[in-house]
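Scroll down for the structure; my scribbles are underneath it.
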Amino acid sequence: MTDCEILAGSFFRLFLRLHRLLDKRMAEEGASLSRTKMLLYVSKHGPARAADIADFFGFAPRTVTEAIDGLERDGLVTRMPDAHDRRVKQVSVTDQGRRVIEATEPLRRELIDGVFGDLDPAEREQMDAILTKMMAAVEREEAR
């Protein structure tokens, strides 16, 4: 195994453990990480088309449509006709959806601060530089 493979394995394990821990903490509070991530995306980029959401998360369009159906059924999002293309619906977060975000954001922030807060400012700056460099490498690979 190469040094790069070992680093990649460590990086993936860290990501998966953080993801699972956050999902567990949210489930303990009656929330869902996947639903909250979608709500956050729509809240930050909203109104959004289902295709945009699918593209951002790398999900199949049908998966996103089913998730939006559930969010809409629970009153967390609404679908409205697109002003430029009547075949398309724009998804927006409702007031109830914003309340869910407000309830779950502290859990996400607490976990992130707890993990990344162990790094001193210089380490965080170094990590940011490393991740920026890695993102550029991924973008080069995507362009191939």
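In the structure tokens, chains take letters A, B, ... by order of appearance, with residues numbered from 1 within each chain and ligands from 1 in the order shown.
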task = Enumerate the residues of segment 2-108 of chain A with a DSSP assignment of helix (DSSP H, G or I), computed from the backbone, and present them as a PyMOL selection string.
result = chain A and resi 3-28+33-45+50-57+61-73+95-108
request  = DSSP on the backbone, then: every residue of segment 35-131 of chain A marked strand (DSSP E), written as a ChimeraX atom specification.
outcome  = /A:48-49,77-81,89-93
message = With distances taken over only C-alpha atoms, which residue among A:Pro47, A:Pro106, A:Gly58, A:Gly114 lies nearest Pro81 of chain A?
response =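 Looking at the shortest contact to Pro81 of chain A, the residue is A:Pro47.
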request  = Identify, on the basis of only C-alpha atoms, every residue whose closest approach to Arg73 of chain A does not exceed 12 Å; exclude the query and any residue fewer than 5 positions from it along the same chain; express the result as number ranges by chain.
outcome  = A: 66-68, 78-79, 94, 96-97
Write the residues of the selection above to a file with N, CA, C and O atoms, as a PDB file, in the first residue's frame.
```pdb
ATOM      1  N   GLU A  66     -38.014  11.480  -4.323  1.00  0.00           N
ATOM      2  CA  GLU A  66     -38.641  10.780  -3.195  1.00  0.00           C
ATOM      3  C   GLU A  66     -38.365  11.500  -1.877  1.00  0.00           C
ATOM      4  O   GLU A  66     -39.247  11.618  -1.023  1.00  0.00           O
ATOM      5  N   ALA A  67     -37.134  12.000  -1.721  1.00  0.00           N
ATOM      6  CA  ALA A  67     -36.798  12.733  -0.497  1.00  0.00           C
ATOM      7  C   ALA A  67     -37.612  14.024  -0.398  1.00  0.00           C
ATOM      8  O   ALA A  67     -38.121  14.367   0.671  1.00  0.00           O
ATOM      9  N   ILE A  68     -37.724  14.727  -1.515  1.00  0.00           N
ATOM     10  CA  ILE A  68     -38.514  15.971  -1.529  1.00  0.00           C
ATOM     11  C   ILE A  68     -39.976  15.657  -1.237  1.00  0.00           C
ATOM     12  O   ILE A  68     -40.636  16.410  -0.509  1.00  0.00           O
ATOM     13  N   THR A  78     -41.826  23.329   0.152  1.00  0.00           N
ATOM     14  CA  THR A  78     -42.939  23.448  -0.799  1.00  0.00           C
ATOM     15  C   THR A  78     -42.353  23.412  -2.196  1.00  0.00           C
ATOM     16  O   THR A  78     -41.186  23.759  -2.410  1.00  0.00           O
ATOM     17  N   ARG A  79     -43.177  23.000  -3.139  1.00  0.00           N
ATOM     18  CA  ARG A  79     -42.802  23.040  -4.554  1.00  0.00           C
ATOM     19  C   ARG A  79     -43.662  24.098  -5.225  1.00  0.00           C
ATOM     20  O   ARG A  79     -44.864  24.136  -5.043  1.00  0.00           O
ATOM     21  N   THR A  94     -39.944  25.800   4.020  1.00  0.00           N
ATOM     22  CA  THR A  94     -41.057  26.453   4.713  1.00  0.00           C
ATOM     23  C   THR A  94     -40.578  26.971   6.069  1.00  0.00           C
ATOM     24  O   THR A  94     -39.459  26.693   6.503  1.00  0.00           O
ATOM     25  N   GLN A  96     -41.634  25.900   8.874  1.00  0.00           N
ATOM     26  CA  GLN A  96     -41.420  24.708   9.693  1.00  0.00           C
ATOM     27  C   GLN A  96     -40.065  24.078   9.363  1.00  0.00           C
ATOM     28  O   GLN A  96     -39.351  23.622  10.262  1.00  0.00           O
ATOM     29  N   GLY A  97     -39.680  24.082   8.091  1.00  0.00           N
ATOM     30  CA  GLY A  97     -38.368  23.574   7.694  1.00  0.00           C
ATOM     31  C   GLY A  97     -37.250  24.390   8.303  1.00  0.00           C
ATOM     32  O   GLY A  97     -36.229  23.856   8.753  1.00  0.00           O
TER      33      GLY A  97
END
```
Near segment 8-30 of chain A, 8 Å: segment 63-140 of chain A residue rows, closest pairs, only C-alpha atoms, as JSON lines:
```
{"residue": "A:Thr104", "atom": "CA", "partner": "A:Met26", "partner_atom": "CA", "distance": 6.9}
{"residue": "A:Leu107", "atom": "CA", "partner": "A:Met26", "partner_atom": "CA", "distance": 7.0}
{"residue": "A:Arg108", "atom": "CA", "partner": "A:Leu22", "partner_atom": "CA", "distance": 6.6}
{"residue": "A:Leu111", "atom": "CA", "partner": "A:Leu22", "partner_atom": "CA", "distance": 7.1}
```
For the selection you just gave me, I'd like the residues written to a file as a PDB file, in the first residue's frame, keeping all heavy atoms.
```pdb
ATOM      1  N   THR A 104     -31.454  21.704  14.515  1.00  0.00           N
ATOM      2  CA  THR A 104     -30.377  20.749  14.259  1.00  0.00           C
ATOM      3  C   THR A 104     -29.013  21.411  14.048  1.00  0.00           C
ATOM      4  O   THR A 104     -27.985  20.776  14.274  1.00  0.00           O
ATOM      5  CB  THR A 104     -30.696  19.878  13.037  1.00  0.00           C
ATOM      6  OG1 THR A 104     -30.929  20.712  11.895  1.00  0.00           O
ATOM      7  CG2 THR A 104     -31.907  18.994  13.293  1.00  0.00           C
ATOM      8  N   LEU A 107     -26.431  21.080  16.833  1.00  0.00           N
ATOM      9  CA  LEU A 107     -25.817  19.748  16.926  1.00  0.00           C
ATOM     10  C   LEU A 107     -24.650  19.631  15.957  1.00  0.00           C
ATOM     11  O   LEU A 107     -23.574  19.135  16.316  1.00  0.00           O
ATOM     12  CB  LEU A 107     -26.847  18.656  16.594  1.00  0.00           C
ATOM     13  CG  LEU A 107     -28.045  18.524  17.500  1.00  0.00           C
ATOM     14  CD1 LEU A 107     -29.065  17.563  16.904  1.00  0.00           C
ATOM     15  CD2 LEU A 107     -27.605  18.060  18.873  1.00  0.00           C
ATOM     16  N   ARG A 108     -24.863  20.092  14.735  1.00  0.00           N
ATOM     17  CA  ARG A 108     -23.825  20.027  13.707  1.00  0.00           C
ATOM     18  C   ARG A 108     -22.638  20.897  14.110  1.00  0.00           C
ATOM     19  O   ARG A 108     -21.490  20.460  14.079  1.00  0.00           O
ATOM     20  CB  ARG A 108     -24.403  20.471  12.359  1.00  0.00           C
ATOM     21  CG  ARG A 108     -23.463  20.295  11.183  1.00  0.00           C
ATOM     22  CD  ARG A 108     -24.077  20.852   9.896  1.00  0.00           C
ATOM     23  NE  ARG A 108     -24.173  22.291   9.902  1.00  0.00           N
ATOM     24  CZ  ARG A 108     -23.135  23.117   9.643  1.00  0.00           C
ATOM     25  NH1 ARG A 108     -21.967  22.644   9.352  1.00  0.00           N
ATOM     26  NH2 ARG A 108     -23.312  24.423   9.674  1.00  0.00           N
ATOM     27  N   LEU A 111     -20.563  19.422  17.073  1.00  0.00           N
ATOM     28  CA  LEU A 111     -19.689  18.319  16.677  1.00  0.00           C
ATOM     29  C   LEU A 111     -18.485  18.837  15.890  1.00  0.00           C
ATOM     30  O   LEU A 111     -17.339  18.461  16.155  1.00  0.00           O
ATOM     31  CB  LEU A 111     -20.452  17.282  15.857  1.00  0.00           C
ATOM     32  CG  LEU A 111     -19.611  16.103  15.359  1.00  0.00           C
ATOM     33  CD1 LEU A 111     -19.034  15.314  16.532  1.00  0.00           C
ATOM     34  CD2 LEU A 111     -20.431  15.205  14.465  1.00  0.00           C
TER      35      LEU A 111
END
```
inquiry  = Could you check the closest approach to Val42 of chain A for each of A:Ile6, A:Val93, A:Leu71, A:Leu76 and tell me which residue wins, using only C-alpha atoms?
reply    = A:Val93
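Minimum distance to Ser43 of chain A across A:Ala60, A:Val77, A:Val115, A:Ala143 (counting only C-alpha atoms) occurs at A:Val77.
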task = Using atom CA of Ala50 of chain A and atom CA of Thr65 of chain A as the two end points, give the distance in Å to one decimal.
result =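 So the two atoms, atom CA of Ala50 of chain A and atom CA of Thr65 of chain A, lie 6.5 Å apart.
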query = Restricting the calculation to only C-alpha atoms, which member of A:Asp113, A:Asp52, A:Asp74, A:Glu123 is positioned closest to Val91 of chain A?
reply = A:Asp52
task = Write out as a ChimeraX atom specification the residues lying within 9 Å of Glu105 of chain A, counting only C-alpha atoms and excluding same-chain residues fewer than 5 positions away.
result = /A:36,100,110
ask   = Do you know which residues are at most 6 Å from Ala54 of chain A counting only C-alpha atoms, after dropping those on the same chain fewer than 5 positions away, and could you put them as an MDAnalysis selection string?
value = chainID A and resid 59 61 64
